[in-house]
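Source file: start-v5.tsv; contents: TSV, C-alpha atoms.
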```tsv
chain	number	residue	atom	x	y	z
A	1	MET	CA	7.50	-63.40	25.18
A	2	ASP	CA	10.58	-65.27	26.36
A	3	LYS	CA	11.38	-64.77	30.02
A	4	ILE	CA	14.65	-63.16	31.11
A	5	ASP	CA	17.23	-64.86	33.32
A	6	ILE	CA	17.17	-62.48	36.29
A	7	LYS	CA	20.36	-63.95	37.79
A	8	SER	CA	22.30	-62.79	34.73
A	9	LEU	CA	21.40	-59.11	35.17
A	10	ASN	CA	23.54	-56.53	36.93
A	11	ALA	CA	21.92	-53.76	38.96
A	12	THR	CA	21.64	-51.35	36.02
A	13	GLU	CA	20.20	-53.96	33.68
A	14	LEU	CA	17.63	-55.07	36.25
A	15	SER	CA	16.56	-51.46	36.82
A	16	GLU	CA	16.16	-50.93	33.06
A	17	ASN	CA	14.08	-54.11	32.75
A	18	LEU	CA	11.82	-52.90	35.58
A	19	ASP	CA	11.23	-49.44	34.11
A	20	TYR	CA	7.80	-50.46	32.84
A	21	LEU	CA	6.61	-50.91	36.46
A	22	SER	CA	7.75	-47.43	37.60
A	23	LEU	CA	8.98	-48.84	40.90
A	24	PRO	CA	10.62	-46.69	43.58
A	25	LYS	CA	14.41	-47.09	43.73
A	26	PHE	CA	14.37	-48.85	47.12
A	27	ARG	CA	12.09	-51.57	45.70
A	28	VAL	CA	14.42	-52.25	42.78
A	29	THR	CA	17.30	-52.48	45.25
A	30	GLN	CA	15.36	-54.97	47.38
A	31	ILE	CA	14.73	-57.21	44.39
A	32	TYR	CA	18.35	-57.04	43.26
A	33	GLU	CA	19.65	-57.92	46.72
A	34	TRP	CA	17.37	-60.95	46.90
A	35	VAL	CA	18.63	-62.16	43.53
A	36	ARG	CA	22.26	-61.77	44.56
A	37	ARG	CA	21.59	-63.70	47.78
A	38	GLY	CA	20.85	-66.72	45.62
A	39	VAL	CA	17.11	-67.18	46.08
A	40	GLY	CA	15.46	-69.53	43.63
A	41	SER	CA	11.97	-68.04	43.43
A	42	PHE	CA	10.10	-64.77	43.85
A	43	ALA	CA	8.10	-66.34	46.70
A	44	GLU	CA	11.25	-66.10	48.85
A	45	MET	CA	11.28	-62.30	48.53
A	46	THR	CA	9.28	-61.86	51.72
A	47	ASN	CA	9.45	-58.03	51.86
A	48	VAL	CA	8.21	-57.62	48.27
A	49	PRO	CA	4.40	-57.33	47.78
A	50	ALA	CA	2.73	-60.47	46.42
A	51	THR	CA	1.16	-58.60	43.50
A	52	LEU	CA	4.60	-57.37	42.41
A	53	ARG	CA	6.07	-60.86	42.76
A	54	GLU	CA	3.43	-62.13	40.35
A	55	LYS	CA	4.37	-59.47	37.81
A	56	LEU	CA	8.04	-60.34	38.19
A	57	ASP	CA	7.27	-64.01	37.67
A	58	ASP	CA	5.60	-63.15	34.35
A	59	LYS	CA	8.75	-61.47	33.01
A	60	PHE	CA	11.70	-63.23	34.65
A	61	TYR	CA	12.92	-66.69	35.62
A	62	PHE	CA	15.67	-67.95	37.94
A	63	ALA	CA	18.47	-69.86	36.22
A	64	ASP	CA	18.72	-72.32	39.07
A	65	VAL	CA	20.22	-75.82	39.25
A	66	LYS	CA	18.98	-78.92	41.06
A	67	ILE	CA	21.18	-81.68	42.45
A	68	ALA	CA	20.40	-84.76	40.34
A	69	ARG	CA	23.27	-86.83	41.69
A	70	LYS	CA	26.03	-86.31	44.21
A	71	LEU	CA	29.23	-88.29	44.77
A	72	VAL	CA	31.43	-87.71	47.83
A	73	SER	CA	35.03	-88.89	47.89
A	74	LYS	CA	35.94	-91.09	50.85
A	75	LEU	CA	39.57	-90.09	50.29
A	76	ASP	CA	39.43	-86.30	50.65
A	77	GLY	CA	35.79	-85.15	50.84
A	78	THR	CA	35.70	-83.81	47.29
A	79	VAL	CA	32.10	-83.60	46.06
A	80	LYS	CA	31.08	-84.12	42.45
A	81	TYR	CA	27.66	-82.85	41.43
A	82	LEU	CA	25.46	-83.69	38.49
A	83	PHE	CA	23.17	-80.68	38.23
A	84	GLU	CA	19.91	-80.64	36.30
A	85	LEU	CA	18.99	-77.41	34.55
A	86	ALA	CA	15.50	-76.01	34.01
A	87	ASP	CA	15.32	-77.43	30.48
A	88	GLY	CA	16.29	-80.94	31.57
A	89	GLU	CA	19.94	-80.72	30.47
A	90	PHE	CA	22.71	-81.86	32.82
A	91	ILE	CA	26.05	-80.33	33.78
A	92	GLU	CA	28.77	-81.17	36.28
A	93	SER	CA	30.55	-79.23	39.02
A	94	VAL	CA	33.15	-80.22	41.59
A	95	PHE	CA	33.46	-78.88	45.16
A	96	MET	CA	36.98	-79.09	46.64
A	97	SER	CA	38.52	-78.26	49.98
A	98	TYR	CA	42.00	-76.73	50.21
A	99	HIS	CA	43.96	-75.23	53.10
A	100	HIS	CA	43.18	-71.75	51.72
A	101	GLY	CA	39.42	-72.32	51.49
A	102	TYR	CA	36.76	-73.91	49.33
A	103	THR	CA	36.86	-74.05	45.55
A	104	VAL	CA	34.16	-74.88	43.01
A	105	CYS	CA	35.02	-75.99	39.50
A	106	ILE	CA	32.13	-74.88	37.29
A	107	SER	CA	30.89	-75.72	33.81
A	108	THR	CA	30.35	-72.99	31.21
A	109	GLN	CA	28.52	-75.03	28.56
A	110	VAL	CA	26.30	-78.10	28.34
A	111	GLY	CA	28.81	-80.43	26.73
A	112	CYS	CA	31.63	-79.03	24.62
A	113	ARG	CA	32.46	-78.74	20.92
A	114	MET	CA	36.27	-78.69	21.27
A	115	GLY	CA	36.50	-82.47	20.87
A	116	CYS	CA	39.61	-83.10	23.01
A	117	LYS	CA	40.13	-86.86	22.96
A	118	PHE	CA	41.22	-87.21	26.59
A	119	CYS	CA	38.10	-85.44	27.93
A	120	ALA	CA	34.64	-86.97	28.35
A	121	SER	CA	32.86	-83.59	28.26
A	122	GLY	CA	32.82	-83.27	24.49
A	123	ILE	CA	32.07	-86.84	23.44
A	124	ASN	CA	28.51	-85.93	22.44
A	125	GLY	CA	29.37	-82.37	21.38
A	126	LYS	CA	27.86	-79.15	22.71
A	127	ALA	CA	24.14	-78.87	23.47
A	128	ARG	CA	24.11	-75.16	24.38
A	129	ASP	CA	25.86	-72.35	26.25
A	130	LEU	CA	25.19	-71.67	29.91
A	131	THR	CA	23.97	-68.26	31.00
A	132	ALA	CA	25.92	-66.27	33.58
A	133	GLY	CA	23.11	-67.04	36.02
A	134	GLU	CA	23.53	-70.79	35.51
A	135	MET	CA	27.25	-70.45	36.21
A	136	LEU	CA	26.53	-68.54	39.42
A	137	ALA	CA	23.89	-71.08	40.42
A	138	GLN	CA	26.46	-73.90	40.49
A	139	ILE	CA	28.52	-72.06	43.11
A	140	GLU	CA	25.44	-71.09	45.12
A	141	ALA	CA	24.14	-74.67	45.14
A	142	ALA	CA	27.50	-76.17	46.20
A	143	ALA	CA	27.96	-73.56	48.94
A	144	ARG	CA	24.42	-74.10	50.21
A	145	ASP	CA	24.74	-77.89	50.17
A	146	ASN	CA	28.02	-77.83	52.12
A	147	GLY	CA	27.14	-74.93	54.43
A	148	VAL	CA	30.27	-72.93	53.60
A	149	ARG	CA	31.37	-69.81	51.77
A	150	VAL	CA	33.14	-70.53	48.50
A	151	SER	CA	36.27	-68.42	48.10
A	152	ASN	CA	37.72	-69.65	44.80
A	153	VAL	CA	36.31	-70.55	41.39
A	154	VAL	CA	37.81	-72.52	38.54
A	155	MET	CA	36.17	-72.23	35.12
A	156	MET	CA	37.52	-75.59	34.09
A	157	GLY	CA	34.49	-77.87	34.06
A	158	MET	CA	32.42	-78.86	31.04
A	159	GLY	CA	32.69	-76.51	28.09
A	160	GLU	CA	35.09	-73.89	26.71
A	161	PRO	CA	34.66	-70.52	28.49
A	162	LEU	CA	36.03	-68.53	25.55
A	163	ASP	CA	33.57	-70.26	23.21
A	164	ASN	CA	30.83	-68.78	25.44
A	165	PHE	CA	32.62	-65.46	25.74
A	166	ARG	CA	29.78	-63.02	26.44
A	167	ASN	CA	28.21	-65.10	29.19
A	168	SER	CA	31.60	-65.90	30.73
A	169	MET	CA	32.44	-62.19	30.93
A	170	LYS	CA	29.06	-61.42	32.48
A	171	PHE	CA	29.66	-64.17	35.04
A	172	LEU	CA	33.03	-62.61	35.96
A	173	GLU	CA	31.28	-59.27	36.45
A	174	LEU	CA	28.54	-60.67	38.69
A	175	VAL	CA	30.49	-63.20	40.78
A	176	GLY	CA	32.42	-60.42	42.51
A	177	ASP	CA	29.34	-58.42	43.54
A	178	GLU	CA	29.61	-57.78	47.28
A	179	LYS	CA	25.82	-58.12	47.59
A	180	GLY	CA	26.21	-61.68	46.34
A	181	LEU	CA	29.08	-64.16	46.29
A	182	GLY	CA	31.74	-61.47	46.57
A	183	ILE	CA	34.50	-63.59	45.03
A	184	GLY	CA	37.36	-61.41	43.80
A	185	MET	CA	38.83	-61.98	40.36
A	186	ARG	CA	42.24	-62.83	41.80
A	187	HIS	CA	40.54	-65.94	43.17
A	188	ILE	CA	39.24	-67.05	39.77
A	189	SER	CA	40.95	-69.16	37.13
A	190	LEU	CA	39.68	-69.41	33.56
A	191	SER	CA	40.86	-72.34	31.47
A	192	THR	CA	40.91	-72.45	27.67
A	193	SER	CA	41.89	-75.15	25.22
A	194	GLY	CA	43.60	-72.49	23.14
A	195	VAL	CA	40.93	-70.32	21.51
A	196	VAL	CA	43.38	-67.71	20.29
A	197	ASP	CA	40.92	-65.01	19.22
A	198	GLY	CA	39.24	-65.38	22.62
A	199	ILE	CA	42.58	-64.87	24.39
A	200	TYR	CA	43.07	-61.58	22.54
A	201	LYS	CA	39.52	-60.46	23.41
A	202	LEU	CA	40.09	-61.42	27.05
A	203	ALA	CA	43.30	-59.37	27.12
A	204	GLU	CA	41.28	-56.28	26.18
A	205	TYR	CA	39.32	-56.65	29.43
A	206	ASN	CA	42.61	-56.74	31.40
A	207	LEU	CA	41.08	-58.68	34.29
A	208	PRO	CA	43.17	-59.82	37.29
A	209	ILE	CA	42.11	-63.45	36.84
A	210	THR	CA	44.46	-66.38	36.24
A	211	LEU	CA	44.43	-67.58	32.64
A	212	SER	CA	45.12	-71.30	32.30
A	213	ILE	CA	46.00	-72.85	28.96
A	214	SER	CA	45.21	-76.53	28.43
A	215	LEU	CA	48.40	-77.27	26.53
A	216	HIS	CA	48.98	-81.03	26.93
A	217	ALA	CA	51.53	-81.31	24.11
A	218	PRO	CA	54.32	-78.98	22.88
A	219	ILE	CA	54.53	-80.45	19.36
A	220	ASP	CA	51.89	-79.60	16.74
A	221	GLU	CA	51.52	-83.13	15.41
A	222	LEU	CA	50.91	-84.54	18.89
A	223	ARG	CA	48.60	-81.75	20.03
A	224	SER	CA	46.51	-81.81	16.87
A	225	SER	CA	45.96	-85.54	17.26
A	226	VAL	CA	44.16	-85.07	20.59
A	227	MET	CA	43.04	-81.42	20.46
A	228	PRO	CA	41.29	-80.37	17.22
A	229	VAL	CA	41.54	-76.70	18.25
A	230	ASN	CA	45.25	-76.92	17.38
A	231	LYS	CA	44.32	-77.38	13.72
A	232	ARG	CA	42.62	-73.97	13.84
A	233	TRP	CA	45.31	-72.20	15.87
A	234	ASN	CA	48.68	-73.96	16.00
A	235	LEU	CA	51.20	-73.75	18.81
A	236	ALA	CA	53.10	-70.83	17.30
A	237	GLU	CA	49.89	-68.79	17.18
A	238	LEU	CA	48.90	-69.91	20.68
A	239	PHE	CA	52.25	-69.04	22.28
A	240	LYS	CA	52.27	-65.64	20.53
A	241	ALA	CA	48.80	-64.92	21.92
A	242	CYS	CA	50.00	-65.92	25.39
A	243	LYS	CA	53.02	-63.63	25.19
A	244	ASP	CA	50.84	-60.75	24.01
A	245	TYR	CA	48.36	-61.46	26.81
A	246	ILE	CA	51.13	-61.31	29.41
A	247	LYS	CA	52.46	-58.09	27.90
A	248	VAL	CA	49.04	-56.41	28.12
A	249	THR	CA	47.96	-57.71	31.55
A	250	GLY	CA	51.22	-58.33	33.37
A	251	ARG	CA	49.62	-61.57	34.62
A	252	ARG	CA	51.34	-64.94	34.80
A	253	ILE	CA	49.82	-67.72	32.69
A	254	SER	CA	49.42	-71.28	33.90
A	255	PHE	CA	50.01	-74.04	31.35
A	256	GLU	CA	48.06	-77.19	32.18
A	257	TYR	CA	49.84	-80.32	30.99
A	258	ALA	CA	48.07	-83.68	31.39
A	259	LEU	CA	50.75	-86.36	31.35
A	260	ILE	CA	49.72	-89.35	29.23
A	261	ASP	CA	51.91	-92.41	29.39
A	262	GLY	CA	53.86	-92.96	26.17
A	263	PHE	CA	52.31	-89.95	24.45
A	264	ASN	CA	53.60	-86.62	25.76
A	265	ASP	CA	56.07	-87.64	28.48
A	266	SER	CA	59.26	-87.94	26.39
A	267	ASP	CA	62.51	-85.98	26.74
A	268	GLU	CA	61.75	-84.44	23.33
A	269	CYS	CA	58.50	-83.03	24.76
A	270	ILE	CA	60.36	-81.63	27.76
A	271	LYS	CA	62.92	-79.89	25.55
A	272	LYS	CA	60.31	-78.51	23.15
A	273	LEU	CA	58.11	-77.26	25.99
A	274	ALA	CA	61.06	-75.53	27.66
A	275	GLU	CA	62.05	-73.86	24.41
A	276	SER	CA	58.50	-72.70	23.70
A	277	VAL	CA	57.91	-70.93	27.02
A	278	LYS	CA	61.45	-69.67	27.61
A	279	GLY	CA	61.39	-66.17	29.10
A	280	MET	CA	57.60	-66.23	29.49
A	281	LEU	CA	55.93	-65.28	32.79
A	282	CYS	CA	54.33	-68.66	33.34
A	283	HIS	CA	53.85	-71.72	35.49
A	284	ILE	CA	53.65	-75.37	34.37
A	285	ASN	CA	51.00	-77.45	36.13
A	286	LEU	CA	51.51	-81.17	35.55
A	287	ILE	CA	48.37	-83.29	35.79
A	288	PRO	CA	48.58	-87.09	35.93
A	289	ALA	CA	45.97	-88.01	33.29
A	290	ASN	CA	42.58	-89.09	34.59
A	291	PRO	CA	41.38	-92.42	33.18
A	292	VAL	CA	38.31	-92.09	30.95
A	293	VAL	CA	36.21	-95.11	30.03
A	294	GLU	CA	36.00	-94.07	26.37
A	295	ASN	CA	39.80	-94.04	25.77
A	296	ASP	CA	42.89	-95.92	26.87
A	297	PHE	CA	44.93	-92.89	28.04
A	298	ARG	CA	46.72	-93.53	31.32
A	299	SER	CA	49.04	-91.58	33.56
A	300	PRO	CA	52.74	-92.51	33.75
A	301	GLU	CA	54.01	-94.03	36.98
A	302	ARG	CA	54.54	-91.52	39.78
A	303	LYS	CA	58.35	-91.64	39.48
A	304	LYS	CA	58.15	-90.77	35.77
A	305	VAL	CA	55.87	-87.83	36.57
A	306	GLU	CA	58.35	-86.59	39.19
A	307	ASP	CA	61.26	-87.03	36.78
A	308	PHE	CA	59.37	-85.02	34.16
A	309	GLN	CA	58.96	-82.23	36.71
A	310	LYS	CA	62.64	-82.23	37.70
A	311	LYS	CA	63.79	-82.06	34.08
A	312	LEU	CA	61.51	-79.11	33.40
A	313	GLU	CA	62.78	-77.36	36.52
A	314	SER	CA	66.36	-77.86	35.28
A	315	TYR	CA	65.41	-75.45	32.47
A	316	GLY	CA	64.42	-72.87	35.10
A	317	LEU	CA	60.67	-73.42	34.76
A	318	THR	CA	58.36	-73.20	37.76
A	319	THR	CA	56.59	-76.55	37.77
A	320	THR	CA	54.19	-78.29	40.14
A	321	ILE	CA	52.30	-81.58	40.12
A	322	ARG	CA	48.61	-81.04	40.70
A	323	ARG	CA	47.25	-82.64	43.84
A	324	THR	CA	44.79	-85.37	42.84
A	325	LEU	CA	41.35	-84.90	44.38
A	326	GLY	CA	38.29	-87.12	44.14
A	327	ALA	CA	40.17	-90.01	42.51
A	328	ASP	CA	37.58	-92.51	43.76
A	329	ILE	CA	34.61	-90.60	42.26
A	330	ASN	CA	36.00	-89.82	38.77
A	331	ALA	CA	36.12	-86.11	39.56
A	332	SER	CA	37.20	-85.14	36.05
A	333	CYS	CA	34.26	-83.62	34.18
A	334	GLY	CA	31.95	-85.20	31.66
A	335	GLN	CA	31.76	-88.78	32.88
A	336	LEU	CA	28.82	-88.38	35.25
A	337	ARG	CA	26.72	-86.51	32.67
A	338	ARG	CA	27.53	-89.15	30.06
A	339	SER	CA	26.47	-91.98	32.36
A	340	GLU	CA	23.17	-90.15	32.97
A	341	ALA	CA	22.66	-89.68	29.23
A	342	ASN	CA	23.36	-93.37	28.60
A	343	LYS	CA	20.46	-94.29	30.89
```
Since I need it in another form, could you write the structure as structure tokens?
Amino acid sequence: MDKIDIKSLNATELSENLDYLSLPKFRVTQIYEWVRRGVGSFAEMTNVPATLREKLDDKFYFADVKIARKLVSKLDGTVKYLFELADGEFIESVFMSYHHGYTVCISTQVGCRMGCKFCASGINGKARDLTAGEMLAQIEAAARDNGVRVSNVVMMGMGEPLDNFRNSMKFLELVGDEKGLGIGMRHISLSTSGVVDGIYKLAEYNLPITLSISLHAPIDELRSSVMPVNKRWNLAELFKACKDYIKVTGRRISFEYALIDGFNDSDECIKKLAESVKGMLCHINLIPANPVVENDFRSPERKKVEDFQKKLESYGLTTTIRRTLGADINASCGQLRRSEANK
């Protein structure tokens, strides 16, 4: 019998899975509270009888992560982790410090099947989905290693959250549990490359999270050349889904736009982007492109980035330039895992 990831169970599900033991309610509560505290083994449940711990170990496992490699930025203290999973796969997470608290950027899949050309995460495709417990474990490990409480989460690491929809939704349910991490949904951002059917499904949940769209080009020909997902759902379909999402949830959408020198930084792109999001409750987040060994994409000079921002703002669009963190440790996802795989 395959074991069950106990970290991925809510209180009701855990109770149902323990029915066969006929445990008193207080004992089930004890076990659940230990799980939500982030323990990595049943041996740590010191107020649970040893005989019961053995029975639990026969049925469940902890979806924990181990630090395989750790890079710390000398510029701003950003920490990039290469985590090893129980099956020997590797994922990446990034721990960042802001004035409002500590943020962890987590992965939702081992690798990615979206195939975006400017991202190292999907170069070798997708190995598998992460469980909700494995997503939680990344935050727990980063918080434990840095001795802090994490207050914000970005689902923007390796993988496409809406391509792992069920586990991503379960993660969002569990991460806010006050017995555990207690991170409210207003402090969580979920990023998608533009999985339109997933956006509609997410709208049905009507969660107070921030939805971020990895846009990166406002013209179909350009976007399709670097983001294969655009061949499945073009920009017209994507923008319609975004407008419908805003109508249902009343939440502002953030459009992520990685500026690539000579590719998507033209005045034509500015005009087309402004026309596409006109009247939409949204925010444009400009990201100077991170260099990736496997391609020759580079960010424009700083002045060109700032000019791009000013021109967008002249159309009445709220636009910011993302603060660059961890520049000296290649903090964009996928590169550390790939270097480990190449060994």
Tell me, as number ranges by chain, which residues lie within 9 Å of region 239-249 of chain A, counting only C-alpha atoms; anything in the same chain fewer than 4 positions away does not count. A: 196-197, 199-200, 202-208, 213, 234-235, 253, 276-277, 280-282
Mind dumping the selected residues with C-alpha atoms as a CSV table (one decimal), in the coordinates of the input?
```csv
chain,number,residue,atom,x,y,z
A,196,VAL,CA,43.4,-67.7,20.3
A,197,ASP,CA,40.9,-65.0,19.2
A,199,ILE,CA,42.6,-64.9,24.4
A,200,TYR,CA,43.1,-61.6,22.5
A,202,LEU,CA,40.1,-61.4,27.0
A,203,ALA,CA,43.3,-59.4,27.1
A,204,GLU,CA,41.3,-56.3,26.2
A,205,TYR,CA,39.3,-56.6,29.4
A,206,ASN,CA,42.6,-56.7,31.4
A,207,LEU,CA,41.1,-58.7,34.3
A,208,PRO,CA,43.2,-59.8,37.3
A,213,ILE,CA,46.0,-72.8,29.0
A,234,ASN,CA,48.7,-74.0,16.0
A,235,LEU,CA,51.2,-73.8,18.8
A,253,ILE,CA,49.8,-67.7,32.7
A,276,SER,CA,58.5,-72.7,23.7
A,277,VAL,CA,57.9,-70.9,27.0
A,280,MET,CA,57.6,-66.2,29.5
A,281,LEU,CA,55.9,-65.3,32.8
A,282,CYS,CA,54.3,-68.7,33.3
```
So how many Å separate CA of Gly133 (chain A) and CA of Leu71 (chain A), to one decimal?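 So the two atoms, CA of Gly133 (chain A) and CA of Leu71 (chain A), lie 23.8 Å apart.
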Hey, can you check how far CA of Pro300 (chain A) sits from CA of Phe255 (chain A)?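 Separation between CA of Pro300 (chain A) and CA of Phe255 (chain A): 18.8 Å.
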Separation of CA of Arg298 (chain A) from CA of Ser214 (chain A), in Å and rounded to one decimal: 17.3 Å
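With distances taken over all atoms listed in the file, A:Glu160 is the one residue among A:Glu160, A:Glu16, A:Asp87, A:Asp145 lying closest to Gly122 (chain A).
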Leu273 (chain A) surroundings by only C-alpha atoms, 9 Å radius, close-in-sequence under 5 positions cut, as a ChimeraX atom specification: /A:217-219,268,278,312
Tell me which protein, DNA and RNA residues are within 10 Å of Val94 (chain A), counting only C-alpha atoms, leaving out same-chain ones fewer than 6 positions away, and put them as a tab-separated table (two decimals) with C-alpha atoms, in the frame of the given file.
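As written to disk, selection.tsv reads:
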```tsv
chain	number	residue	atom	x	y	z
A	70	LYS	CA	26.03	-86.31	44.21
A	71	LEU	CA	29.23	-88.29	44.77
A	72	VAL	CA	31.43	-87.71	47.83
A	78	THR	CA	35.70	-83.81	47.29
A	79	VAL	CA	32.10	-83.60	46.06
A	80	LYS	CA	31.08	-84.12	42.45
A	81	TYR	CA	27.66	-82.85	41.43
A	82	LEU	CA	25.46	-83.69	38.49
A	103	THR	CA	36.86	-74.05	45.55
A	104	VAL	CA	34.16	-74.88	43.01
A	105	CYS	CA	35.02	-75.99	39.50
A	106	ILE	CA	32.13	-74.88	37.29
A	107	SER	CA	30.89	-75.72	33.81
A	138	GLN	CA	26.46	-73.90	40.49
A	139	ILE	CA	28.52	-72.06	43.11
A	142	ALA	CA	27.50	-76.17	46.20
A	154	VAL	CA	37.81	-72.52	38.54
A	156	MET	CA	37.52	-75.59	34.09
A	157	GLY	CA	34.49	-77.87	34.06
A	325	LEU	CA	41.35	-84.90	44.38
A	326	GLY	CA	38.29	-87.12	44.14
A	331	ALA	CA	36.12	-86.11	39.56
A	332	SER	CA	37.20	-85.14	36.05
A	333	CYS	CA	34.26	-83.62	34.18
```
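Compared by their closest atoms to Ala289 (chain A), and using all atoms listed in the file, the residues A:Leu190, A:Leu56, A:Arg166, A:Phe118 rank with A:Phe118 nearest.
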Which of A:Ile284, A:Met45, A:Leu222, A:Ile209 sits closest to Glu173 (chain A) [using all atoms listed in the file]: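 The closest residue to Glu173 (chain A) is A:Ile209.
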Pick from A:Glu256, A:Arg53, A:Val65, A:Glu313, whichever lies nearest to Arg27 (chain A) using all atoms listed in the file: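 Of all the options, A:Arg53 lies closest to Arg27 (chain A).
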Region 201-218 of chain A, all listed atoms, 3 Å padding on each side: what axis-aligned box centre and edge lengths in Å to one decimal come out, as AutoDock Vina command-line options?
```
--center_x 46.8 --center_y -68.8 --center_z 30.1 --size_x 21.0 --size_y 31.0 --size_z 20.4
```
With only C-alpha atoms as the atoms that count, which of A:Lys7, A:His216, A:Lys231, A:Lys25 lies nearest to Ser41 (chain A)?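 Between A:Lys7, A:His216, A:Lys231, A:Lys25, the residue approaching Ser41 (chain A) most closely is A:Lys7.
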Closest to Arg223 (chain A) among A:Lys304, A:Lys126, A:Lys117, A:Arg37, using all atoms listed in the file? A:Lys117
Atom completion result for region 76-91 of chain A (N, CA and C atoms) as an mmCIF file, in the coordinates of the input:
```
data_model
loop_
_atom_site.group_PDB
_atom_site.id
_atom_site.type_symbol
_atom_site.label_atom_id
_atom_site.label_comp_id
_atom_site.auth_asym_id
_atom_site.auth_seq_id
_atom_site.Cartn_x
_atom_site.Cartn_y
_atom_site.Cartn_z
ATOM 1 N N ASP A 76 39.121 -87.681 50.297
ATOM 2 C CA ASP A 76 39.430 -86.300 50.650
ATOM 3 C C ASP A 76 38.205 -85.389 50.780
ATOM 4 N N GLY A 77 37.004 -85.955 50.673
ATOM 5 C CA GLY A 77 35.790 -85.150 50.840
ATOM 6 C C GLY A 77 35.371 -84.353 49.627
ATOM 7 N N THR A 78 36.100 -84.485 48.528
ATOM 8 C CA THR A 78 35.700 -83.810 47.290
ATOM 9 C C THR A 78 34.290 -84.258 46.892
ATOM 10 N N VAL A 79 33.481 -83.298 46.435
ATOM 11 C CA VAL A 79 32.100 -83.600 46.060
ATOM 12 C C VAL A 79 31.914 -83.319 44.572
ATOM 13 N N LYS A 80 31.392 -84.308 43.859
ATOM 14 C CA LYS A 80 31.080 -84.120 42.450
ATOM 15 C C LYS A 80 29.566 -84.083 42.281
ATOM 16 N N TYR A 81 29.096 -83.032 41.616
ATOM 17 C CA TYR A 81 27.660 -82.850 41.430
ATOM 18 C C TYR A 81 27.269 -83.040 39.966
ATOM 19 N N LEU A 82 26.160 -83.721 39.772
ATOM 20 C CA LEU A 82 25.460 -83.690 38.490
ATOM 21 C C LEU A 82 24.258 -82.801 38.723
ATOM 22 N N PHE A 83 24.250 -81.637 38.073
ATOM 23 C CA PHE A 83 23.170 -80.680 38.230
ATOM 24 C C PHE A 83 22.208 -80.770 37.048
ATOM 25 N N GLU A 84 20.909 -80.705 37.353
ATOM 26 C CA GLU A 84 19.910 -80.640 36.300
ATOM 27 C C GLU A 84 19.463 -79.196 36.121
ATOM 28 N N LEU A 85 19.412 -78.762 34.875
ATOM 29 C CA LEU A 85 18.990 -77.410 34.550
ATOM 30 C C LEU A 85 17.483 -77.372 34.291
ATOM 31 N N ALA A 86 16.955 -76.178 34.170
ATOM 32 C CA ALA A 86 15.500 -76.010 34.010
ATOM 33 C C ALA A 86 14.957 -76.689 32.768
ATOM 34 N N ASP A 87 15.791 -76.815 31.721
ATOM 35 C CA ASP A 87 15.320 -77.430 30.480
ATOM 36 C C ASP A 87 15.605 -78.920 30.409
ATOM 37 N N GLY A 88 16.051 -79.505 31.526
ATOM 38 C CA GLY A 88 16.290 -80.940 31.570
ATOM 39 C C GLY A 88 17.694 -81.361 31.169
ATOM 40 N N GLU A 89 18.545 -80.406 30.782
ATOM 41 C CA GLU A 89 19.940 -80.720 30.470
ATOM 42 C C GLU A 89 20.718 -80.942 31.770
ATOM 43 N N PHE A 90 21.881 -81.579 31.653
ATOM 44 C CA PHE A 90 22.710 -81.860 32.820
ATOM 45 C C PHE A 90 24.110 -81.291 32.648
ATOM 46 N N ILE A 91 24.667 -80.808 33.750
ATOM 47 C CA ILE A 91 26.050 -80.330 33.780
ATOM 48 C C ILE A 91 26.721 -80.863 35.042
#
```
